[in-house]
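One file, target_7.tsv, carrying TSV, C-alpha atoms:
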```tsv
chain	number	residue	atom	x	y	z
A	1	HIS	CA	95.69	112.69	136.62
A	2	PHE	CA	96.00	109.63	134.37
A	3	GLY	CA	92.84	107.84	135.45
A	4	GLU	CA	92.30	104.48	133.79
A	5	THR	CA	93.44	105.53	130.34
A	6	SER	CA	96.74	104.52	128.81
A	7	ALA	CA	99.44	106.97	127.71
A	8	ALA	CA	102.78	106.55	125.97
A	9	ALA	CA	105.60	106.77	128.50
A	10	ASN	CA	107.60	109.15	126.30
A	11	GLY	CA	104.62	111.25	125.29
A	12	ASN	CA	104.45	114.93	126.20
A	13	PRO	CA	100.94	116.23	125.48
A	14	ASP	CA	101.41	119.51	127.34
A	15	SER	CA	104.80	120.25	125.67
A	16	ASP	CA	106.45	121.14	128.99
A	17	GLU	CA	109.63	119.03	128.51
A	18	LEU	CA	108.44	116.39	131.01
A	19	THR	CA	107.38	113.05	129.54
A	20	ASN	CA	104.25	111.26	130.69
A	21	LEU	CA	106.43	108.90	132.72
A	22	GLN	CA	108.20	111.79	134.45
A	23	GLU	CA	104.85	113.46	135.19
A	24	TYR	CA	103.52	110.17	136.59
A	25	GLU	CA	106.56	109.74	138.87
A	26	LYS	CA	106.22	113.34	140.04
A	27	GLY	CA	102.43	113.21	140.46
A	28	THR	CA	101.70	116.16	138.16
A	29	ASP	CA	99.11	116.59	135.44
A	30	PRO	CA	100.45	115.53	132.00
A	31	ASN	CA	97.96	117.83	130.31
A	32	GLU	CA	98.92	121.00	132.21
A	33	PRO	CA	102.27	122.57	131.29
A	34	GLU	CA	104.84	122.97	134.03
A	35	MET	CA	107.81	125.26	133.51
A	36	PRO	CA	110.86	123.55	134.98
A	37	VAL	CA	114.10	125.15	136.13
A	38	HIS	CA	117.05	124.17	133.94
A	39	VAL	CA	120.69	123.41	134.75
A	40	ASP	CA	123.43	122.98	132.17
A	41	VAL	CA	127.08	122.83	133.15
A	42	ALA	CA	127.99	123.93	129.61
A	43	ASN	CA	126.45	127.39	130.08
A	44	ASP	CA	129.41	129.75	130.28
A	45	SER	CA	127.60	132.78	128.83
A	46	GLY	CA	127.41	134.59	132.16
A	47	VAL	CA	123.63	134.84	131.79
A	48	GLU	CA	121.63	132.52	134.06
A	49	ASP	CA	117.93	132.67	134.91
A	50	GLY	CA	116.97	128.99	134.97
A	51	SER	CA	115.26	129.04	131.59
A	52	GLU	CA	116.16	126.52	128.90
A	53	LEU	CA	117.89	129.31	126.98
A	54	HIS	CA	119.83	130.61	130.01
A	55	PRO	CA	120.11	127.70	132.45
A	56	PHE	CA	121.94	127.82	135.75
A	57	ASN	CA	125.31	126.10	135.54
A	58	THR	CA	125.35	124.55	139.01
A	59	ILE	CA	122.75	122.35	140.64
A	60	GLN	CA	122.72	124.18	143.97
A	61	GLU	CA	121.99	127.50	142.25
A	62	ALA	CA	118.93	125.98	140.61
A	63	ILE	CA	117.65	124.44	143.84
A	64	ASP	CA	118.10	127.72	145.69
A	65	ALA	CA	116.23	129.65	142.96
A	66	ALA	CA	113.42	127.14	142.46
A	67	LEU	CA	110.03	127.53	144.12
A	68	GLU	CA	108.31	124.93	146.26
A	69	GLY	CA	106.96	122.14	144.06
A	70	ASP	CA	109.16	122.97	141.05
A	71	THR	CA	110.98	120.48	138.85
A	72	VAL	CA	114.68	121.06	138.23
A	73	ILE	CA	115.98	119.43	135.04
A	74	VAL	CA	119.72	118.82	134.87
A	75	HIS	CA	121.07	118.46	131.35
A	76	ASP	CA	123.76	116.05	130.25
A	77	GLY	CA	127.31	116.52	131.49
A	78	VAL	CA	129.74	115.97	134.34
A	79	TYR	CA	128.93	118.21	137.30
A	80	ALA	CA	131.85	118.84	139.67
A	81	GLY	CA	133.13	121.46	142.07
A	82	ASP	CA	131.31	123.80	144.43
A	83	GLY	CA	127.59	123.97	143.78
A	84	ASN	CA	127.59	120.46	142.34
A	85	ARG	CA	128.41	118.47	145.47
A	86	ASP	CA	127.26	118.54	149.10
A	87	ILE	CA	123.93	119.49	147.51
A	88	ALA	CA	121.19	120.43	150.00
A	89	PHE	CA	117.46	121.05	149.51
A	90	ARG	CA	116.98	122.66	152.96
A	91	GLY	CA	113.41	121.44	153.26
A	92	LYS	CA	112.22	122.64	149.87
A	93	ALA	CA	109.91	120.17	148.12
A	94	LEU	CA	111.44	119.79	144.65
A	95	THR	CA	111.97	117.14	142.02
A	96	LEU	CA	115.57	117.07	140.80
A	97	ILE	CA	115.78	114.98	137.65
A	98	SER	CA	118.37	114.41	134.95
A	99	HIS	CA	117.39	115.01	131.35
A	100	ASN	CA	118.62	111.68	129.98
A	101	GLY	CA	119.37	109.40	132.91
A	102	PRO	CA	122.41	108.47	135.00
A	103	ALA	CA	124.63	107.41	132.11
A	104	ALA	CA	124.50	110.95	130.73
A	105	CYS	CA	124.44	113.01	133.93
A	106	VAL	CA	127.25	112.55	136.45
A	107	ILE	CA	127.84	114.25	139.80
A	108	ASP	CA	131.58	113.87	140.40
A	109	CYS	CA	132.19	114.76	144.05
A	110	GLN	CA	135.99	114.71	143.63
A	111	GLY	CA	136.29	113.92	147.33
A	112	SER	CA	139.44	112.90	149.20
A	113	ALA	CA	140.74	112.62	152.75
A	114	GLY	CA	142.15	116.12	152.46
A	115	ASP	CA	139.02	117.53	150.81
A	116	PRO	CA	135.99	115.37	151.69
A	117	HIS	CA	132.73	115.83	149.76
A	118	ARG	CA	129.59	113.82	149.10
A	119	GLY	CA	126.82	114.13	146.52
A	120	PHE	CA	123.81	115.01	148.68
A	121	PHE	CA	123.11	115.94	152.29
A	122	PHE	CA	119.52	115.64	153.57
A	123	ALA	CA	118.36	116.92	156.95
A	124	THR	CA	115.33	118.27	158.84
A	125	GLY	CA	112.42	119.22	156.59
A	126	ASP	CA	113.45	117.10	153.62
A	127	SER	CA	110.32	114.96	153.20
A	128	ASN	CA	109.40	112.31	150.62
A	129	THR	CA	108.44	115.18	148.28
A	130	VAL	CA	112.15	115.89	147.88
A	131	ILE	CA	112.98	113.67	144.90
A	132	VAL	CA	116.35	112.89	143.31
A	133	HIS	CA	116.13	110.85	140.12
A	134	GLY	CA	118.48	109.81	137.35
A	135	PHE	CA	122.07	110.68	138.36
A	136	THR	CA	125.39	108.92	138.66
A	137	ILE	CA	127.01	109.96	141.95
A	138	THR	CA	130.68	109.07	142.14
A	139	ASN	CA	133.92	109.81	143.99
A	140	GLY	CA	132.20	110.84	147.21
A	141	TYR	CA	134.45	110.71	150.27
A	142	ALA	CA	133.09	110.98	153.83
A	143	PHE	CA	135.87	111.62	156.31
A	144	GLY	CA	136.80	113.44	159.51
A	145	ASP	CA	133.98	115.33	161.24
A	146	SER	CA	131.33	113.76	158.97
A	147	PRO	CA	132.53	110.20	158.31
A	148	ASP	CA	129.23	108.59	157.18
A	149	GLY	CA	127.57	108.50	153.76
A	150	GLY	CA	130.14	108.80	151.02
A	151	GLY	CA	127.54	109.38	148.31
A	152	ILE	CA	124.45	110.45	150.24
A	153	LEU	CA	123.90	111.22	153.94
A	154	CYS	CA	120.47	111.51	155.60
A	155	VAL	CA	120.26	112.79	159.19
A	156	SER	CA	117.68	114.14	161.67
A	157	ASP	CA	114.22	113.35	160.27
A	158	ALA	CA	115.11	113.52	156.57
A	159	SER	CA	112.94	111.35	154.33
A	160	PRO	CA	113.80	112.08	150.68
A	161	THR	CA	112.90	109.90	147.72
A	162	ILE	CA	116.05	108.59	146.03
A	163	THR	CA	115.21	106.71	142.86
A	164	GLY	CA	116.79	105.59	139.61
A	165	ASN	CA	120.33	106.67	140.43
A	166	VAL	CA	123.76	105.03	140.27
A	167	LEU	CA	126.06	105.39	143.28
A	168	THR	CA	129.53	104.10	142.58
A	169	GLY	CA	133.10	104.57	143.72
A	170	CYS	CA	132.22	106.32	146.99
A	171	TYR	CA	133.92	105.88	150.38
A	172	ALA	CA	133.00	106.37	154.05
A	173	GLN	CA	135.53	106.42	156.86
A	174	SER	CA	132.79	105.03	159.09
A	175	ASP	CA	129.39	103.77	157.81
A	176	GLY	CA	127.57	103.79	154.48
A	177	GLY	CA	129.98	104.02	151.59
A	178	GLY	CA	127.14	104.71	149.15
A	179	ILE	CA	124.29	105.87	151.41
A	180	ALA	CA	124.09	106.37	155.18
A	181	LEU	CA	120.86	106.87	157.13
A	182	ARG	CA	121.19	108.23	160.65
A	183	ASP	CA	118.77	109.35	163.37
A	184	ASP	CA	115.02	109.12	162.65
A	185	THR	CA	115.27	109.17	158.89
A	186	SER	CA	112.71	107.36	156.71
A	187	PRO	CA	113.69	107.83	153.06
A	188	ILE	CA	112.33	105.95	150.07
A	189	ILE	CA	115.22	104.32	148.20
A	190	THR	CA	114.10	102.54	145.03
A	191	ASP	CA	115.51	101.24	141.76
A	192	ASN	CA	119.06	102.47	142.29
A	193	ILE	CA	122.32	100.74	141.40
A	194	VAL	CA	124.77	100.87	144.32
A	195	SER	CA	128.11	99.39	143.32
A	196	ASN	CA	131.81	99.43	144.16
A	197	ASN	CA	131.48	101.55	147.28
A	198	THR	CA	133.50	101.08	150.48
A	199	ALA	CA	132.97	101.67	154.21
A	200	GLU	CA	135.62	101.23	156.89
A	201	ASN	CA	132.94	100.05	159.34
A	202	ASN	CA	129.46	98.97	158.24
A	203	GLY	CA	127.37	99.03	155.08
A	204	GLY	CA	129.65	99.35	152.09
A	205	GLY	CA	126.62	100.02	149.92
A	206	VAL	CA	123.89	101.21	152.30
A	207	PHE	CA	123.88	101.71	156.07
A	208	CYS	CA	120.71	102.10	158.17
A	209	GLY	CA	121.26	103.42	161.67
A	210	GLU	CA	119.46	102.19	164.77
A	211	ASN	CA	116.45	104.54	164.50
A	212	ALA	CA	116.26	104.78	160.71
A	213	SER	CA	113.14	103.38	159.03
A	214	ALA	CA	113.72	103.31	155.31
A	215	THR	CA	111.78	101.81	152.43
A	216	ILE	CA	114.41	100.07	150.30
A	217	THR	CA	113.06	98.24	147.24
A	218	GLY	CA	114.18	97.21	143.77
A	219	ASN	CA	117.79	98.26	144.16
A	220	THR	CA	120.86	96.47	142.81
A	221	LEU	CA	123.72	96.24	145.33
A	222	GLN	CA	126.90	94.75	143.94
A	223	GLU	CA	130.65	94.69	144.59
A	224	ASN	CA	130.44	96.87	147.72
A	225	ALA	CA	132.76	96.26	150.67
A	226	ALA	CA	132.81	96.95	154.42
A	227	ASP	CA	135.54	96.08	156.90
A	228	VAL	CA	133.16	95.18	159.77
A	229	SER	CA	129.75	94.08	158.46
A	230	GLY	CA	127.33	94.31	155.57
A	231	GLY	CA	129.25	94.73	152.36
A	232	GLY	CA	126.02	95.49	150.53
A	233	LEU	CA	123.66	96.53	153.35
A	234	ALA	CA	123.99	96.87	157.10
A	235	CYS	CA	121.17	97.73	159.52
A	236	GLU	CA	121.60	98.40	163.24
A	237	SER	CA	118.97	97.04	165.63
```
Transcribe the structure of this file into structure tokens.
Amino acid sequence: HFGETSAAANGNPDSDELTNLQEYEKGTDPNEPEMPVHVDVANDSGVEDGSELHPFNTIQEAIDAALEGDTVIVHDGVYAGDGNRDIAFRGKALTLISHNGPAACVIDCQGSAGDPHRGFFFATGDSNTVIVHGFTITNGYAFGDSPDGGGILCVSDASPTITGNVLTGCYAQSDGGGIALRDDTSPIITDNIVSNNTAENNGGGVFCGENASATITGNTLQENAADVSGGGLACES
């Protein structure tokens, strides 16, 4: 869509609330307006239709209502509680993007041993066209029947694109305090900050299981801890 011409990253020639950079990352035409689905935790009016005037107030509601190929824009705020954790796309190709980046848009999982929760769960049908961009994911807690992936868990053949996020302060009873990849997953994990996460076994920051085949580039892994191996990153072979 961009060809060989240059365009300002923050430009918005089609006035559709997505900047040129966001359109480039999504692969859409910057000159054709796209009507995104909106989420704003501050909407307590009781009226929700996904428009900018009447946004949904939980992320899962917006994903469930969105159509294949839509963009879901999440406005600034701290998103917690049901509908804002254990978020699942269920095979729907969507771009989920924060309005102003991870510093302004936080998914607080509020997980604990007695009430475990993570940020995102990806499974069969979630391809690379499932995109999560620009969130802080914190206080995830993987425990009990699902002990891997405190912040994000990918299983089966899930292959989402996880880019430009911050995962911090998450815990896994087993593997992958920040992110765990199990089974035949092949996600794209780029330009994230993964810090201060903990795993009781392997991969305090990121864990790649035996059959996982991930593309992991440009990430910052710091101050993560694991009791067995790979404080930052652990990969089974």
Using only C-alpha atoms, which residues of region 141-203 of chain A come within 7 Å of region 105-116 of chain A, and what is the closest atom pair for each, with the distance in Å to one decimal? Give it as a Markdown table, sorted by chain and residue number.
```
| residue | atom | partner | partner_atom | distance |
| --- | --- | --- | --- | --- |
| A:Tyr141 | CA | A:Gly111 | CA | 4.7 |
| A:Ala142 | CA | A:Pro116 | CA | 5.7 |
| A:Phe143 | CA | A:Pro116 | CA | 6.0 |
```
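Taking CA of Asp184 (chain A) and CA of Arg90 (chain A) as endpoints, the distance between them is 16.8 Å.
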_Polymer residues at most 7 Å from Phe121 (chain A), only C-alpha atoms, same-chain spacing of 4 or more positions, as a ChimeraX atom specification_ = /A:86-88,152-154
*Between CA of Ala104 (chain A) and CA of Ile73 (chain A), measure the distance and give it in Å to one decimal.*
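It comes out at 12.8 Å.
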*Point-to-point distance from CA of Gly144 (chain A) to CA of His117 (chain A), Å rounded to tenths*: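 Interatomic distance here is 10.8 Å.
With distances restricted to all atoms listed in the file, A:Ala123 is the closest residue to Ser186 (chain A) from A:Ile63, A:Val228, A:Ala103, A:Ala123.
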All heavy atoms are what I want for region 198-209 of chain A; can you complete it accordingly and write them as an mmCIF file, in the coordinates of the input?
```cif
data_model
loop_
_atom_site.group_PDB
_atom_site.id
_atom_site.type_symbol
_atom_site.label_atom_id
_atom_site.label_comp_id
_atom_site.auth_asym_id
_atom_site.auth_seq_id
_atom_site.Cartn_x
_atom_site.Cartn_y
_atom_site.Cartn_z
ATOM 1 N N THR A 198 132.733 101.645 149.380
ATOM 2 C CA THR A 198 133.500 101.080 150.480
ATOM 3 C C THR A 198 133.216 101.835 151.777
ATOM 4 O O THR A 198 133.138 103.066 151.779
ATOM 5 C CB THR A 198 135.012 101.163 150.195
ATOM 6 O OG1 THR A 198 135.289 100.535 148.945
ATOM 7 C CG2 THR A 198 135.816 100.496 151.289
ATOM 8 N N ALA A 199 133.076 101.084 152.876
ATOM 9 C CA ALA A 199 132.970 101.670 154.210
ATOM 10 C C ALA A 199 133.990 101.001 155.125
ATOM 11 O O ALA A 199 134.137 99.778 155.098
ATOM 12 C CB ALA A 199 131.564 101.505 154.767
ATOM 13 N N GLU A 200 134.648 101.791 155.947
ATOM 14 C CA GLU A 200 135.620 101.230 156.890
ATOM 15 C C GLU A 200 134.921 100.421 157.986
ATOM 16 O O GLU A 200 135.497 99.475 158.522
ATOM 17 C CB GLU A 200 136.442 102.349 157.522
ATOM 18 C CG GLU A 200 137.374 103.069 156.557
ATOM 19 C CD GLU A 200 138.535 102.203 156.093
ATOM 20 O OE1 GLU A 200 138.859 101.205 156.763
ATOM 21 O OE2 GLU A 200 139.124 102.524 155.046
ATOM 22 N N ASN A 201 133.670 100.783 158.306
ATOM 23 C CA ASN A 201 132.940 100.050 159.340
ATOM 24 C C ASN A 201 131.826 99.211 158.729
ATOM 25 O O ASN A 201 132.055 98.079 158.344
ATOM 26 C CB ASN A 201 132.395 101.011 160.400
ATOM 27 C CG ASN A 201 133.501 101.586 161.277
ATOM 28 O OD1 ASN A 201 134.581 101.013 161.376
ATOM 29 N ND2 ASN A 201 133.228 102.711 161.919
ATOM 30 N N ASN A 202 130.626 99.766 158.614
ATOM 31 C CA ASN A 202 129.460 98.970 158.240
ATOM 32 C C ASN A 202 128.765 99.524 156.992
ATOM 33 O O ASN A 202 128.721 100.727 156.772
ATOM 34 C CB ASN A 202 128.458 98.950 159.390
ATOM 35 C CG ASN A 202 129.071 98.509 160.701
ATOM 36 O OD1 ASN A 202 129.507 97.379 160.844
ATOM 37 N ND2 ASN A 202 129.115 99.423 161.668
ATOM 38 N N GLY A 203 128.186 98.604 156.208
ATOM 39 C CA GLY A 203 127.370 99.030 155.080
ATOM 40 C C GLY A 203 128.166 99.648 153.950
ATOM 41 O O GLY A 203 128.103 100.845 153.723
ATOM 42 N N GLY A 204 128.890 98.813 153.226
ATOM 43 C CA GLY A 204 129.650 99.350 152.090
ATOM 44 C C GLY A 204 128.752 100.013 151.079
ATOM 45 O O GLY A 204 129.076 101.068 150.524
ATOM 46 N N GLY A 205 127.576 99.421 150.838
ATOM 47 C CA GLY A 205 126.620 100.020 149.920
ATOM 48 C C GLY A 205 125.682 100.969 150.620
ATOM 49 O O GLY A 205 125.631 102.166 150.327
ATOM 50 N N VAL A 206 124.894 100.431 151.578
ATOM 51 C CA VAL A 206 123.890 101.210 152.300
ATOM 52 C C VAL A 206 123.979 100.868 153.781
ATOM 53 O O VAL A 206 124.066 99.688 154.157
ATOM 54 C CB VAL A 206 122.469 100.923 151.787
ATOM 55 C CG1 VAL A 206 121.439 101.740 152.557
ATOM 56 C CG2 VAL A 206 122.368 101.199 150.291
ATOM 57 N N PHE A 207 123.898 101.895 154.620
ATOM 58 C CA PHE A 207 123.880 101.710 156.070
ATOM 59 C C PHE A 207 122.638 102.355 156.655
ATOM 60 O O PHE A 207 122.340 103.518 156.374
ATOM 61 C CB PHE A 207 125.116 102.322 156.728
ATOM 62 C CG PHE A 207 125.066 102.328 158.234
ATOM 63 C CD1 PHE A 207 125.332 101.169 158.943
ATOM 64 C CD2 PHE A 207 124.734 103.484 158.933
ATOM 65 C CE1 PHE A 207 125.267 101.161 160.341
ATOM 66 C CE2 PHE A 207 124.675 103.489 160.322
ATOM 67 C CZ PHE A 207 124.945 102.325 161.023
ATOM 68 N N CYS A 208 121.893 101.584 157.464
ATOM 69 C CA CYS A 208 120.710 102.100 158.170
ATOM 70 C C CYS A 208 121.002 102.108 159.660
ATOM 71 O O CYS A 208 121.229 101.046 160.249
ATOM 72 C CB CYS A 208 119.492 101.226 157.904
ATOM 73 S SG CYS A 208 118.975 101.176 156.192
ATOM 74 N N GLY A 209 120.992 103.290 160.251
ATOM 75 C CA GLY A 209 121.260 103.420 161.670
ATOM 76 C C GLY A 209 120.134 102.861 162.522
ATOM 77 O O GLY A 209 119.061 102.479 162.029
#
```
